[in-house]
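Raw contents of data_14.tsv, TSV, N, CA and C atoms and all ligand atoms:
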chain	number	residue	atom	x	y	z
J	1	MET	N	-101.06	13.69	-72.78
J	1	MET	CA	-101.06	14.54	-73.99
J	1	MET	C	-101.83	13.83	-75.10
J	2	GLN	N	-102.84	14.52	-75.62
J	2	GLN	CA	-103.63	13.97	-76.71
J	2	GLN	C	-102.80	13.89	-77.99
J	3	GLN	N	-103.17	12.96	-78.84
J	3	GLN	CA	-102.51	12.89	-80.13
J	3	GLN	C	-103.08	13.97	-81.06
J	4	LEU	N	-102.20	14.47	-81.93
J	4	LEU	CA	-102.62	15.59	-82.77
J	4	LEU	C	-103.88	15.34	-83.61
J	5	PRO	N	-103.99	14.17	-84.27
J	5	PRO	CA	-105.22	13.97	-85.06
J	5	PRO	C	-106.48	14.13	-84.22
J	6	GLU	N	-106.43	13.66	-82.96
J	6	GLU	CA	-107.59	13.81	-82.08
J	6	GLU	C	-107.82	15.28	-81.73
J	7	ILE	N	-106.69	15.97	-81.49
J	7	ILE	CA	-106.81	17.40	-81.15
J	7	ILE	C	-107.44	18.14	-82.34
J	8	LEU	N	-106.93	17.86	-83.54
J	8	LEU	CA	-107.48	18.52	-84.73
J	8	LEU	C	-108.97	18.24	-84.86
J	9	LYS	N	-109.33	16.97	-84.65
J	9	LYS	CA	-110.74	16.60	-84.77
J	9	LYS	C	-111.59	17.31	-83.74
J	10	SER	N	-111.05	17.39	-82.52
J	10	SER	CA	-111.82	18.04	-81.45
J	10	SER	C	-111.99	19.53	-81.75
J	11	LYS	N	-111.10	20.09	-82.55
J	11	LYS	CA	-111.23	21.50	-82.95
J	11	LYS	C	-111.99	21.62	-84.26
J	12	LYS	N	-112.53	20.50	-84.73
J	12	LYS	CA	-113.27	20.45	-85.98
J	12	LYS	C	-112.42	20.87	-87.18
J	13	LEU	N	-111.15	20.48	-87.13
J	13	LEU	CA	-110.26	20.76	-88.25
J	13	LEU	C	-109.97	19.45	-88.97
J	14	LYS	N	-109.87	19.53	-90.29
J	14	LYS	CA	-109.55	18.34	-91.05
J	14	LYS	C	-108.11	17.94	-90.77
J	15	VAL	N	-107.90	16.64	-90.65
J	15	VAL	CA	-106.55	16.15	-90.40
J	15	VAL	C	-105.82	16.02	-91.74
J	16	THR	N	-104.85	16.87	-91.97
J	16	THR	CA	-104.08	16.78	-93.20
J	16	THR	C	-102.61	16.59	-92.85
J	17	PRO	N	-101.86	15.92	-93.74
J	17	PRO	CA	-100.43	15.71	-93.44
J	17	PRO	C	-99.69	17.02	-93.23
J	18	GLN	N	-100.10	18.06	-93.98
J	18	GLN	CA	-99.44	19.36	-93.83
J	18	GLN	C	-99.66	19.92	-92.44
J	19	ARG	N	-100.91	19.84	-91.98
J	19	ARG	CA	-101.21	20.38	-90.64
J	19	ARG	C	-100.41	19.64	-89.58
J	20	ILE	N	-100.35	18.32	-89.74
J	20	ILE	CA	-99.62	17.52	-88.76
J	20	ILE	C	-98.13	17.89	-88.77
J	21	SER	N	-97.56	18.01	-89.97
J	21	SER	CA	-96.13	18.34	-90.06
J	21	SER	C	-95.83	19.71	-89.48
J	22	ILE	N	-96.67	20.68	-89.80
J	22	ILE	CA	-96.43	22.04	-89.32
J	22	ILE	C	-96.53	22.09	-87.79
J	23	TYR	N	-97.54	21.42	-87.27
J	23	TYR	CA	-97.69	21.42	-85.82
J	23	TYR	C	-96.53	20.70	-85.15
J	24	LYS	N	-96.07	19.63	-85.78
J	24	LYS	CA	-94.97	18.84	-85.22
J	24	LYS	C	-93.70	19.69	-85.17
J	25	ILE	N	-93.42	20.38	-86.27
J	25	ILE	CA	-92.24	21.23	-86.33
J	25	ILE	C	-92.29	22.28	-85.22
J	26	LEU	N	-93.47	22.88	-85.06
J	26	LEU	CA	-93.60	23.93	-84.04
J	26	LEU	C	-93.46	23.37	-82.62
J	27	SER	N	-94.07	22.22	-82.39
J	27	SER	CA	-94.04	21.72	-81.01
J	27	SER	C	-92.68	21.15	-80.66
J	28	GLU	N	-91.90	20.75	-81.66
J	28	GLU	CA	-90.59	20.21	-81.36
J	28	GLU	C	-89.52	21.29	-81.30
J	29	SER	N	-89.89	22.49	-81.71
J	29	SER	CA	-88.91	23.56	-81.76
J	29	SER	C	-88.98	24.40	-80.50
J	30	LYS	N	-87.82	24.76	-80.00
J	30	LYS	CA	-87.78	25.64	-78.84
J	30	LYS	C	-87.81	27.10	-79.31
J	31	GLU	N	-87.52	27.27	-80.60
J	31	GLU	CA	-87.55	28.62	-81.16
J	31	GLU	C	-89.01	28.95	-81.45
J	32	HIS	N	-89.25	30.19	-81.71
J	32	HIS	CA	-90.58	30.58	-82.15
J	32	HIS	C	-90.41	30.88	-83.63
J	33	LEU	N	-90.83	29.93	-84.44
J	33	LEU	CA	-90.50	29.98	-85.86
J	33	LEU	C	-91.40	30.91	-86.64
J	34	SER	N	-90.85	31.46	-87.72
J	34	SER	CA	-91.65	32.26	-88.64
J	34	SER	C	-92.19	31.33	-89.72
J	35	ALA	N	-93.18	31.80	-90.48
J	35	ALA	CA	-93.74	30.99	-91.56
J	35	ALA	C	-92.65	30.61	-92.57
J	36	GLU	N	-91.75	31.57	-92.86
J	36	GLU	CA	-90.68	31.31	-93.82
J	36	GLU	C	-89.74	30.22	-93.32
J	37	HIS	N	-89.45	30.27	-92.04
J	37	HIS	CA	-88.57	29.27	-91.43
J	37	HIS	C	-89.22	27.88	-91.49
J	38	ILE	N	-90.52	27.82	-91.18
J	38	ILE	CA	-91.25	26.56	-91.25
J	38	ILE	C	-91.23	26.04	-92.69
J	39	TYR	N	-91.42	26.97	-93.61
J	39	TYR	CA	-91.41	26.63	-95.04
J	39	TYR	C	-90.09	25.95	-95.41
J	40	SER	N	-88.97	26.54	-94.99
J	40	SER	CA	-87.68	25.95	-95.36
J	40	SER	C	-87.47	24.61	-94.67
J	41	LEU	N	-87.98	24.47	-93.44
J	41	LEU	CA	-87.82	23.18	-92.75
J	41	LEU	C	-88.70	22.10	-93.36
J	42	LEU	N	-89.81	22.51	-93.99
J	42	LEU	CA	-90.76	21.54	-94.54
J	42	LEU	C	-90.38	21.05	-95.93
J	43	GLN	N	-89.46	21.76	-96.56
J	43	GLN	CA	-89.10	21.42	-97.93
J	43	GLN	C	-88.75	19.94	-98.12
J	44	GLU	N	-88.06	19.36	-97.11
J	44	GLU	CA	-87.66	17.97	-97.23
J	44	GLU	C	-88.85	17.02	-97.21
J	45	ILE	N	-89.83	17.29	-96.32
J	45	ILE	CA	-90.95	16.37	-96.16
J	45	ILE	C	-92.05	16.65	-97.19
J	46	HIS	N	-92.31	17.92	-97.43
J	46	HIS	CA	-93.38	18.28	-98.37
J	46	HIS	C	-92.82	19.25	-99.41
J	47	PRO	N	-92.07	18.71	-100.39
J	47	PRO	CA	-91.42	19.60	-101.36
J	47	PRO	C	-92.40	20.45	-102.16
J	48	THR	N	-93.66	20.02	-102.22
J	48	THR	CA	-94.62	20.76	-103.05
J	48	THR	C	-95.41	21.80	-102.27
J	49	ILE	N	-95.22	21.84	-100.96
J	49	ILE	CA	-96.02	22.77	-100.15
J	49	ILE	C	-95.62	24.21	-100.49
J	50	SER	N	-96.63	25.08	-100.52
J	50	SER	CA	-96.32	26.48	-100.84
J	50	SER	C	-96.35	27.31	-99.57
J	51	LEU	N	-95.67	28.45	-99.63
J	51	LEU	CA	-95.64	29.35	-98.49
J	51	LEU	C	-97.06	29.81	-98.15
J	52	ALA	N	-97.90	29.96	-99.20
J	52	ALA	CA	-99.28	30.39	-98.98
J	52	ALA	C	-100.05	29.36	-98.16
J	53	THR	N	-99.82	28.07	-98.45
J	53	THR	CA	-100.47	27.00	-97.68
J	53	THR	C	-100.04	27.06	-96.22
J	54	ILE	N	-98.76	27.33	-96.02
J	54	ILE	CA	-98.26	27.41	-94.65
J	54	ILE	C	-98.92	28.57	-93.91
J	55	TYR	N	-99.00	29.72	-94.56
J	55	TYR	CA	-99.68	30.86	-93.94
J	55	TYR	C	-101.12	30.53	-93.61
J	56	LYS	N	-101.78	29.85	-94.55
J	56	LYS	CA	-103.18	29.50	-94.35
J	56	LYS	C	-103.34	28.53	-93.18
J	57	THR	N	-102.48	27.51	-93.16
J	57	THR	CA	-102.53	26.51	-92.09
J	57	THR	C	-102.27	27.17	-90.74
J	58	LEU	N	-101.26	28.04	-90.70
J	58	LEU	CA	-100.93	28.72	-89.44
J	58	LEU	C	-102.10	29.57	-88.97
J	59	GLY	N	-102.77	30.22	-89.93
J	59	GLY	CA	-103.91	31.05	-89.60
J	59	GLY	C	-105.05	30.21	-89.02
J	60	THR	N	-105.33	29.07	-89.67
J	60	THR	CA	-106.40	28.18	-89.21
J	60	THR	C	-106.10	27.66	-87.81
J	61	CYS	N	-104.86	27.22	-87.62
J	61	CYS	CA	-104.48	26.64	-86.32
J	61	CYS	C	-104.48	27.70	-85.22
J	62	THR	N	-104.14	28.95	-85.58
J	62	THR	CA	-104.16	30.02	-84.59
J	62	THR	C	-105.59	30.30	-84.17
J	63	LYS	N	-106.48	30.35	-85.17
J	63	LYS	CA	-107.88	30.62	-84.88
J	63	LYS	C	-108.48	29.53	-84.02
J	64	ALA	N	-108.03	28.29	-84.24
J	64	ALA	CA	-108.57	27.16	-83.48
J	64	ALA	C	-107.90	27.04	-82.11
J	65	ASN	N	-107.00	27.98	-81.82
J	65	ASN	CA	-106.30	27.97	-80.54
J	65	ASN	C	-105.39	26.77	-80.36
J	66	LEU	N	-104.89	26.29	-81.45
J	66	LEU	CA	-103.99	25.14	-81.40
J	66	LEU	C	-102.55	25.64	-81.22
J	67	ILE	N	-102.30	26.79	-81.83
J	67	ILE	CA	-100.99	27.43	-81.69
J	67	ILE	C	-101.25	28.90	-81.41
J	68	GLN	N	-100.22	29.64	-81.00
J	68	GLN	CA	-100.43	31.07	-80.86
J	68	GLN	C	-99.48	31.84	-81.76
J	69	ALA	N	-99.98	32.94	-82.29
J	69	ALA	CA	-99.18	33.81	-83.13
J	69	ALA	C	-98.63	34.93	-82.28
J	70	ILE	N	-97.37	35.22	-82.45
J	70	ILE	CA	-96.74	36.28	-81.69
J	70	ILE	C	-96.34	37.37	-82.67
J	71	ASN	N	-96.89	38.55	-82.45
J	71	ASN	CA	-96.60	39.65	-83.36
J	71	ASN	C	-95.25	40.27	-82.99
J	72	VAL	N	-94.32	40.23	-83.92
J	72	VAL	CA	-93.02	40.83	-83.62
J	72	VAL	C	-92.88	42.17	-84.32
J	73	GLY	N	-94.02	42.73	-84.72
J	73	GLY	CA	-94.00	44.05	-85.32
J	73	GLY	C	-93.87	44.00	-86.83
J	74	GLU	N	-94.21	45.08	-87.46
J	74	GLU	CA	-94.16	45.22	-88.92
J	74	GLU	C	-94.86	44.06	-89.61
J	75	ASN	N	-95.98	43.64	-89.03
J	75	ASN	CA	-96.77	42.56	-89.62
J	75	ASN	C	-96.04	41.25	-89.77
J	76	SER	N	-94.99	41.04	-88.98
J	76	SER	CA	-94.35	39.73	-89.04
J	76	SER	C	-94.68	38.97	-87.76
J	77	PHE	N	-94.91	37.68	-87.95
J	77	PHE	CA	-95.36	36.85	-86.85
J	77	PHE	C	-94.43	35.67	-86.64
J	78	ARG	N	-94.37	35.25	-85.39
J	78	ARG	CA	-93.72	33.99	-85.04
J	78	ARG	C	-94.79	33.12	-84.43
J	79	TYR	N	-94.57	31.82	-84.49
J	79	TYR	CA	-95.60	30.90	-84.02
J	79	TYR	C	-95.09	30.00	-82.90
J	80	ASP	N	-95.99	29.69	-82.00
J	80	ASP	CA	-95.66	28.95	-80.79
J	80	ASP	C	-96.70	27.86	-80.60
J	81	ALA	N	-96.23	26.60	-80.46
J	81	ALA	CA	-97.17	25.50	-80.26
J	81	ALA	C	-97.70	25.47	-78.84
J	82	ASN	N	-97.09	26.25	-77.98
J	82	ASN	CA	-97.56	26.33	-76.60
J	82	ASN	C	-98.61	27.43	-76.49
J	83	CYS	N	-99.86	27.01	-76.32
J	83	CYS	CA	-100.95	27.97	-76.30
J	83	CYS	C	-101.24	28.53	-74.92
J	84	GLU	N	-100.66	27.91	-73.92
J	84	GLU	CA	-100.82	28.44	-72.57
J	84	GLU	C	-100.24	29.83	-72.55
J	85	PRO	N	-100.91	30.78	-71.89
J	85	PRO	CA	-100.32	32.10	-71.81
J	85	PRO	C	-98.97	32.02	-71.10
J	86	HIS	N	-97.94	32.50	-71.75
J	86	HIS	CA	-96.63	32.56	-71.09
J	86	HIS	C	-95.87	33.75	-71.62
J	87	PRO	N	-95.05	34.36	-70.78
J	87	PRO	CA	-94.37	35.59	-71.17
J	87	PRO	C	-93.23	35.35	-72.16
J	88	HIS	N	-93.06	36.29	-73.05
J	88	HIS	CA	-92.03	36.19	-74.07
J	88	HIS	C	-91.04	37.34	-74.00
J	89	PHE	N	-89.81	37.02	-74.33
J	89	PHE	CA	-88.78	38.04	-74.48
J	89	PHE	C	-88.55	38.21	-75.98
J	90	VAL	N	-88.74	39.42	-76.47
J	90	VAL	CA	-88.54	39.67	-77.89
J	90	VAL	C	-87.28	40.49	-78.06
J	91	CYS	N	-86.32	39.97	-78.85
J	91	CYS	CA	-85.10	40.74	-79.10
J	91	CYS	C	-85.40	41.75	-80.20
J	92	THR	N	-85.14	43.01	-79.91
J	92	THR	CA	-85.50	44.06	-80.87
J	92	THR	C	-84.51	44.08	-82.04
J	93	LYS	N	-83.37	43.41	-81.86
J	93	LYS	CA	-82.38	43.46	-82.92
J	93	LYS	C	-82.51	42.26	-83.88
J	94	CYS	N	-82.42	41.06	-83.37
J	94	CYS	CA	-82.48	39.88	-84.26
J	94	CYS	C	-83.91	39.36	-84.38
J	95	LYS	N	-84.85	39.92	-83.61
J	95	LYS	CA	-86.27	39.56	-83.65
J	95	LYS	C	-86.52	38.12	-83.18
J	96	ASN	N	-85.54	37.51	-82.55
J	96	ASN	CA	-85.79	36.18	-82.00
J	96	ASN	C	-86.62	36.31	-80.75
J	97	ILE	N	-87.38	35.27	-80.48
J	97	ILE	CA	-88.27	35.28	-79.33
J	97	ILE	C	-87.91	34.12	-78.42
J	98	TYR	N	-87.81	34.42	-77.16
J	98	TYR	CA	-87.49	33.40	-76.18
J	98	TYR	C	-88.58	33.34	-75.13
J	99	ASP	N	-88.79	32.13	-74.59
J	99	ASP	CA	-89.68	32.03	-73.44
J	99	ASP	C	-88.89	32.49	-72.22
J	100	LEU	N	-89.53	33.25	-71.37
J	100	LEU	CA	-88.84	33.69	-70.16
J	100	LEU	C	-88.79	32.52	-69.18
J	101	PRO	N	-87.59	32.17	-68.73
J	101	PRO	CA	-87.46	31.02	-67.85
J	101	PRO	C	-88.05	31.25	-66.46
J	102	CYS	N	-87.91	32.44	-65.96
J	102	CYS	CA	-88.47	32.67	-64.63
J	102	CYS	C	-89.22	33.98	-64.65
J	103	VAL	N	-90.37	33.96	-64.05
J	103	VAL	CA	-91.19	35.17	-64.02
J	103	VAL	C	-91.79	35.33	-62.65
J	104	PRO	N	-91.95	36.56	-62.24
J	104	PRO	CA	-92.68	36.76	-61.00
J	104	PRO	C	-94.08	36.20	-61.20
J	105	SER	N	-94.66	35.67	-60.20
J	105	SER	CA	-95.92	34.97	-60.32
J	105	SER	C	-96.99	35.79	-61.04
J	106	ILE	N	-97.39	35.31	-62.21
J	106	ILE	CA	-98.41	36.01	-62.99
J	106	ILE	C	-99.76	35.91	-62.30
J	107	SER	N	-100.00	34.78	-61.64
J	107	SER	CA	-101.31	34.64	-61.00
J	107	SER	C	-101.45	35.63	-59.84
J	108	THR	N	-100.35	35.88	-59.14
J	108	THR	CA	-100.40	36.89	-58.07
J	108	THR	C	-100.67	38.26	-58.65
J	109	LEU	N	-99.95	38.56	-59.73
J	109	LEU	CA	-100.13	39.85	-60.40
J	109	LEU	C	-101.58	40.02	-60.86
J	110	LYS	N	-102.11	38.94	-61.45
J	110	LYS	CA	-103.49	38.98	-61.93
J	110	LYS	C	-104.46	39.26	-60.80
J	111	THR	N	-104.29	38.54	-59.71
J	111	THR	CA	-105.18	38.73	-58.56
J	111	THR	C	-105.12	40.17	-58.08
J	112	GLU	N	-103.90	40.71	-57.98
J	112	GLU	CA	-103.75	42.09	-57.52
J	112	GLU	C	-104.42	43.07	-58.47
J	113	LEU	N	-104.23	42.84	-59.77
J	113	LEU	CA	-104.84	43.74	-60.76
J	113	LEU	C	-106.36	43.64	-60.72
J	114	GLU	N	-106.85	42.41	-60.61
J	114	GLU	CA	-108.31	42.22	-60.57
J	114	GLU	C	-108.89	42.92	-59.35
J	115	ASP	N	-108.19	42.81	-58.21
J	115	ASP	CA	-108.65	43.47	-56.99
J	115	ASP	C	-108.66	44.98	-57.17
J	116	SER	N	-107.53	45.50	-57.69
J	116	SER	CA	-107.43	46.96	-57.76
J	116	SER	C	-108.36	47.54	-58.81
J	117	MET	N	-108.72	46.73	-59.82
J	117	MET	CA	-109.60	47.25	-60.86
J	117	MET	C	-111.03	46.74	-60.71
J	118	ASN	N	-111.23	45.91	-59.73
J	118	ASN	CA	-112.53	45.31	-59.50
J	118	ASN	C	-113.09	44.72	-60.81
J	119	SER	N	-112.28	43.88	-61.45
J	119	SER	CA	-112.69	43.30	-62.73
J	119	SER	C	-112.10	41.90	-62.87
J	120	ASN	N	-112.49	41.24	-63.93
J	120	ASN	CA	-111.93	39.92	-64.21
J	120	ASN	C	-110.96	40.00	-65.37
J	121	ILE	N	-109.77	39.45	-65.17
J	121	ILE	CA	-108.84	39.37	-66.29
J	121	ILE	C	-109.06	38.03	-66.96
J	122	LEU	N	-109.33	38.06	-68.26
J	122	LEU	CA	-109.64	36.82	-68.96
J	122	LEU	C	-108.38	36.17	-69.53
J	123	TYR	N	-107.51	36.97	-70.07
J	123	TYR	CA	-106.25	36.44	-70.55
J	123	TYR	C	-105.23	37.56	-70.55
J	124	GLU	N	-103.99	37.19	-70.66
J	124	GLU	CA	-102.96	38.23	-70.68
J	124	GLU	C	-101.89	37.85	-71.68
J	125	LYS	N	-101.29	38.87	-72.25
J	125	LYS	CA	-100.16	38.64	-73.15
J	125	LYS	C	-99.01	39.47	-72.61
J	126	ILE	N	-97.96	38.81	-72.25
J	126	ILE	CA	-96.85	39.55	-71.66
J	126	ILE	C	-95.62	39.44	-72.56
J	127	TYR	N	-95.15	40.60	-72.97
J	127	TYR	CA	-93.95	40.66	-73.78
J	127	TYR	C	-92.95	41.57	-73.10
J	128	VAL	N	-91.71	41.19	-73.08
J	128	VAL	CA	-90.68	42.13	-72.70
J	128	VAL	C	-89.72	42.24	-73.89
J	129	TYR	N	-89.21	43.43	-74.09
J	129	TYR	CA	-88.38	43.69	-75.26
J	129	TYR	C	-86.97	44.06	-74.81
J	130	GLY	N	-86.00	43.64	-75.58
J	130	GLY	CA	-84.63	43.99	-75.23
J	130	GLY	C	-83.65	43.35	-76.18
J	131	LEU	N	-82.42	43.28	-75.76
J	131	LEU	CA	-81.39	42.64	-76.57
J	131	LEU	C	-81.10	41.27	-75.96
J	132	CYS	N	-81.13	40.23	-76.81
J	132	CYS	CA	-80.87	38.88	-76.35
J	132	CYS	C	-79.38	38.75	-76.01
J	133	PRO	N	-78.97	37.68	-75.32
J	133	PRO	CA	-77.55	37.56	-74.94
J	133	PRO	C	-76.60	37.74	-76.12
J	134	HIS	N	-77.00	37.17	-77.26
J	134	HIS	CA	-76.15	37.25	-78.45
J	134	HIS	C	-76.00	38.69	-78.93
J	135	CYS	N	-77.11	39.40	-79.07
J	135	CYS	CA	-77.07	40.77	-79.58
J	135	CYS	C	-76.46	41.72	-78.57
J	136	LYS	N	-76.60	41.40	-77.29
J	136	LYS	CA	-76.03	42.23	-76.24
J	136	LYS	C	-74.50	42.24	-76.35
J	137	GLU	N	-73.97	41.08	-76.68
J	137	GLU	CA	-72.52	40.92	-76.86
J	137	GLU	C	-72.02	41.84	-77.97
J	138	GLU	N	-72.76	41.85	-79.08
J	138	GLU	CA	-72.34	42.62	-80.26
J	138	GLU	C	-72.48	44.13	-80.04
J	139	HIS	N	-73.34	44.45	-79.09
J	139	HIS	CA	-73.68	45.86	-78.89
J	139	HIS	C	-72.46	46.69	-78.52
L	201	ZN	ZN	-80.96	39.16	-80.54
L	202	ZN	ZN	-93.32	30.78	-76.24
Before we go any further, please render this structure as structure tokens.
Ligand SMILES: [Zn+2]
Ligand SMILES: [Zn+2]
Amino acid sequence: MQQLPEILKSKKLKVTPQRISIYKILSESKEHLSAEHIYSLLQEIHPTISLATIYKTLGTCTKANLIQAINVGENSFRYDANCEPHPHFVCTKCKNIYDLPCVPSISTLKTELEDSMNSNILYEKIYVYGLCPHCKEEH
């Protein structure tokens, strides 16, 4: 695993303490955090950072393919430091996002789709929607 400053440099991004902190928070979190959540977690380390800076940083890092933005609807996004395509479970009630622990082989599915459509699939975004264990209980 490359160190973040090197990764940032290889993406031609300036290495700033804010970028490093935001990326660190995201990569250490199993949750898919929102900008507001990152903002509240960053208050201790960077008390002067603004929510606008966080949005800007997240946007830059998303564009550089360093992190991925997950649209949870109504223009709200969650962020994931794992850029590899992987399927997500989105809870429609609490809007939390989970990585799916087990999935039918995506590569098999891709091959089948490519064969049946006689085309190349370049990337895929897989979302499933439902009620998470917690919200299911309350239901
Ligand atoms: Zn839920
Ligand atoms: Zn994820």
Using 6 Å as the limit and counting all atoms listed in the file, can you tabulate each residue of chain J that touches ligand ZN 202 (chain L), with its shortest atom-to-atom distance in Å and the two atoms involved, as a tab-separated table?
residue	atom	partner	partner_atom	distance
J:Asp80	CA	L:ZN202	ZN	5.4
J:His88	CA	L:ZN202	ZN	6.0
J:Tyr98	C	L:ZN202	ZN	5.5
J:Asp99	CA	L:ZN202	ZN	4.8
Selection to disk with N, CA and C atoms, as a CSV table (one decimal), in the coordinates of the input:
chain,number,residue,atom,x,y,z
J,80,ASP,N,-96.0,29.7,-82.0
J,80,ASP,CA,-95.7,29.0,-80.8
J,80,ASP,C,-96.7,27.9,-80.6
J,88,HIS,N,-93.1,36.3,-73.0
J,88,HIS,CA,-92.0,36.2,-74.1
J,88,HIS,C,-91.0,37.3,-74.0
J,98,TYR,N,-87.8,34.4,-77.2
J,98,TYR,CA,-87.5,33.4,-76.2
J,98,TYR,C,-88.6,33.3,-75.1
J,99,ASP,N,-88.8,32.1,-74.6
J,99,ASP,CA,-89.7,32.0,-73.4
J,99,ASP,C,-88.9,32.5,-72.2
Item to check | Contacts to ligand ZN 201 (chain L) at 6 Å cut-off (only C-alpha atoms and all ligand atoms) as JSON, numbers by chain | outcome: {"J": [91, 93, 94, 96, 131, 132, 134, 135]}
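Atom CA of Tyr23 of chain J is found 23.0 Å from atom CA of Ile126 of chain J.
Note that atom CA of Leu4 of chain J and atom CA of Lys125 of chain J are 25.1 Å apart.
Going from atom C of Lys30 of chain J over to atom N of His86 of chain J, you cover 13.7 Å.
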Per residue of segment 18-95 of chain J within 10 Å of segment 107-124 of chain J, note the shortest atom pair and the distance in Å to one decimal, counting only C-alpha atoms, and order the rows by chain and increasing residue number, as JSON lines.
{"residue": "J:Glu84", "atom": "CA", "partner": "J:Tyr123", "partner_atom": "CA", "distance": 9.9}
{"residue": "J:Pro85", "atom": "CA", "partner": "J:Glu124", "partner_atom": "CA", "distance": 6.8}
{"residue": "J:His86", "atom": "CA", "partner": "J:Glu124", "partner_atom": "CA", "distance": 8.5}
{"residue": "J:Pro87", "atom": "CA", "partner": "J:Glu124", "partner_atom": "CA", "distance": 9.0}
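These are the residues of chain J assigned strand (DSSP E) by DSSP from backbone coordinates: Gln68, Ala69, Ile70, Asn71, Phe77, Arg78, Tyr79, Asp80, His88, Phe89, Val90, Cys91, Ile97, Tyr98, Asp99, Tyr127, Val128, Tyr129 and Gly130 of chain J.
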Next on the checklist: Nearest residue to Glu28 of chain J out of J:Ile45, J:Ala81, J:Leu13, J:Leu66, using only C-alpha atoms?
Outcome noted: J:Ala81
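Closest approach to Tyr79 of chain J among J:Arg19, J:Ala35, J:Gly130, J:Leu41: J:Ala35, based on all atoms listed in the file.
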Next on the checklist: Here's a test: counting only C-alpha atoms, identify every protein, DNA and RNA residue with an atom at most 9 Å from (-99.4, 17.8, -100.5) in the file's coordinate frame, and state them as a PyMOL selection string.
Outcome noted: chain J and resi 16-18+46-49
Next on the checklist: Under the rule that only C-alpha atoms are counted, which of J:Ile22, J:Glu137, J:Lys95, J:Asn82 is the nearest residue to Gly59 of chain J?
Outcome noted: J:Ile22
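Secondary structure by DSSP on the backbone puts the following residues of segment 58-138 of chain J in alpha helix (DSSP H): Leu58, Gly59, Thr60, Cys61, Thr62, Lys63, Ile106, Ser107, Thr108, Leu109, Lys110, Thr111, Glu112, Leu113, Glu114, Asp115, Ser116, Met117, Pro133, His134, Cys135, Lys136, Glu137 and Glu138 of chain J.
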I need the chosen residues saved as a compact mmCIF listing (two decimals), in the coordinates of the input, with N, CA and C atoms.
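Everything below was put into out27.txt:
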# COMPACT_ATOMS: atom_id res chain seq x y z
N LEU J 58 -101.26 28.04 -90.70
CA LEU J 58 -100.93 28.72 -89.44
C LEU J 58 -102.10 29.57 -88.97
N GLY J 59 -102.77 30.22 -89.93
CA GLY J 59 -103.91 31.05 -89.60
C GLY J 59 -105.05 30.21 -89.02
N THR J 60 -105.33 29.07 -89.67
CA THR J 60 -106.40 28.18 -89.21
C THR J 60 -106.10 27.66 -87.81
N CYS J 61 -104.86 27.22 -87.62
CA CYS J 61 -104.48 26.64 -86.32
C CYS J 61 -104.48 27.70 -85.22
N THR J 62 -104.14 28.95 -85.58
CA THR J 62 -104.16 30.02 -84.59
C THR J 62 -105.59 30.30 -84.17
N LYS J 63 -106.48 30.35 -85.17
CA LYS J 63 -107.88 30.62 -84.88
C LYS J 63 -108.48 29.53 -84.02
N ILE J 106 -97.39 35.31 -62.21
CA ILE J 106 -98.41 36.01 -62.99
C ILE J 106 -99.76 35.91 -62.30
N SER J 107 -100.00 34.78 -61.64
CA SER J 107 -101.31 34.64 -61.00
C SER J 107 -101.45 35.63 -59.84
N THR J 108 -100.35 35.88 -59.14
CA THR J 108 -100.40 36.89 -58.07
C THR J 108 -100.67 38.26 -58.65
N LEU J 109 -99.95 38.56 -59.73
CA LEU J 109 -100.13 39.85 -60.40
C LEU J 109 -101.58 40.02 -60.86
N LYS J 110 -102.11 38.94 -61.45
CA LYS J 110 -103.49 38.98 -61.93
C LYS J 110 -104.46 39.26 -60.80
N THR J 111 -104.29 38.54 -59.71
CA THR J 111 -105.18 38.73 -58.56
C THR J 111 -105.12 40.17 -58.08
N GLU J 112 -103.90 40.71 -57.98
CA GLU J 112 -103.75 42.09 -57.52
C GLU J 112 -104.42 43.07 -58.47
N LEU J 113 -104.23 42.84 -59.77
CA LEU J 113 -104.84 43.74 -60.76
C LEU J 113 -106.36 43.64 -60.72
N GLU J 114 -106.85 42.41 -60.61
CA GLU J 114 -108.31 42.22 -60.57
C GLU J 114 -108.89 42.92 -59.35
N ASP J 115 -108.19 42.81 -58.21
CA ASP J 115 -108.65 43.47 -56.99
C ASP J 115 -108.66 44.98 -57.17
N SER J 116 -107.53 45.50 -57.69
CA SER J 116 -107.43 46.96 -57.76
C SER J 116 -108.36 47.54 -58.81
N MET J 117 -108.72 46.73 -59.82
CA MET J 117 -109.60 47.25 -60.86
C MET J 117 -111.03 46.74 -60.71
N PRO J 133 -78.97 37.68 -75.32
CA PRO J 133 -77.55 37.56 -74.94
C PRO J 133 -76.60 37.74 -76.12
N HIS J 134 -77.00 37.17 -77.26
CA HIS J 134 -76.15 37.25 -78.45
C HIS J 134 -76.00 38.69 -78.93
N CYS J 135 -77.11 39.40 -79.07
CA CYS J 135 -77.07 40.77 -79.58
C CYS J 135 -76.46 41.72 -78.57
N LYS J 136 -76.60 41.40 -77.29
CA LYS J 136 -76.03 42.23 -76.24
C LYS J 136 -74.50 42.24 -76.35
N GLU J 137 -73.97 41.08 -76.68
CA GLU J 137 -72.52 40.92 -76.86
C GLU J 137 -72.02 41.84 -77.97
N GLU J 138 -72.76 41.85 -79.08
CA GLU J 138 -72.34 42.62 -80.26
C GLU J 138 -72.48 44.13 -80.04
Quick one: 3 Å padding each side, axis-aligned, all listed atoms of segment 104-116 of chain J - centre and edge lengths in Å to one decimal, as lines of an AutoDock Vina configuration file?
center_x = -100.4
center_y = 41.1
center_z = -60.0
size_x = 22.9
size_y = 18.9
size_z = 12.0
Checklist entry - Contacts of Tyr39 of chain J at 7 Å or less, counting only C-alpha atoms, minus same-chain residues fewer than 3 places along, as a PyMOL selection string? => result chain J and resi 35-36+42-43+51+54
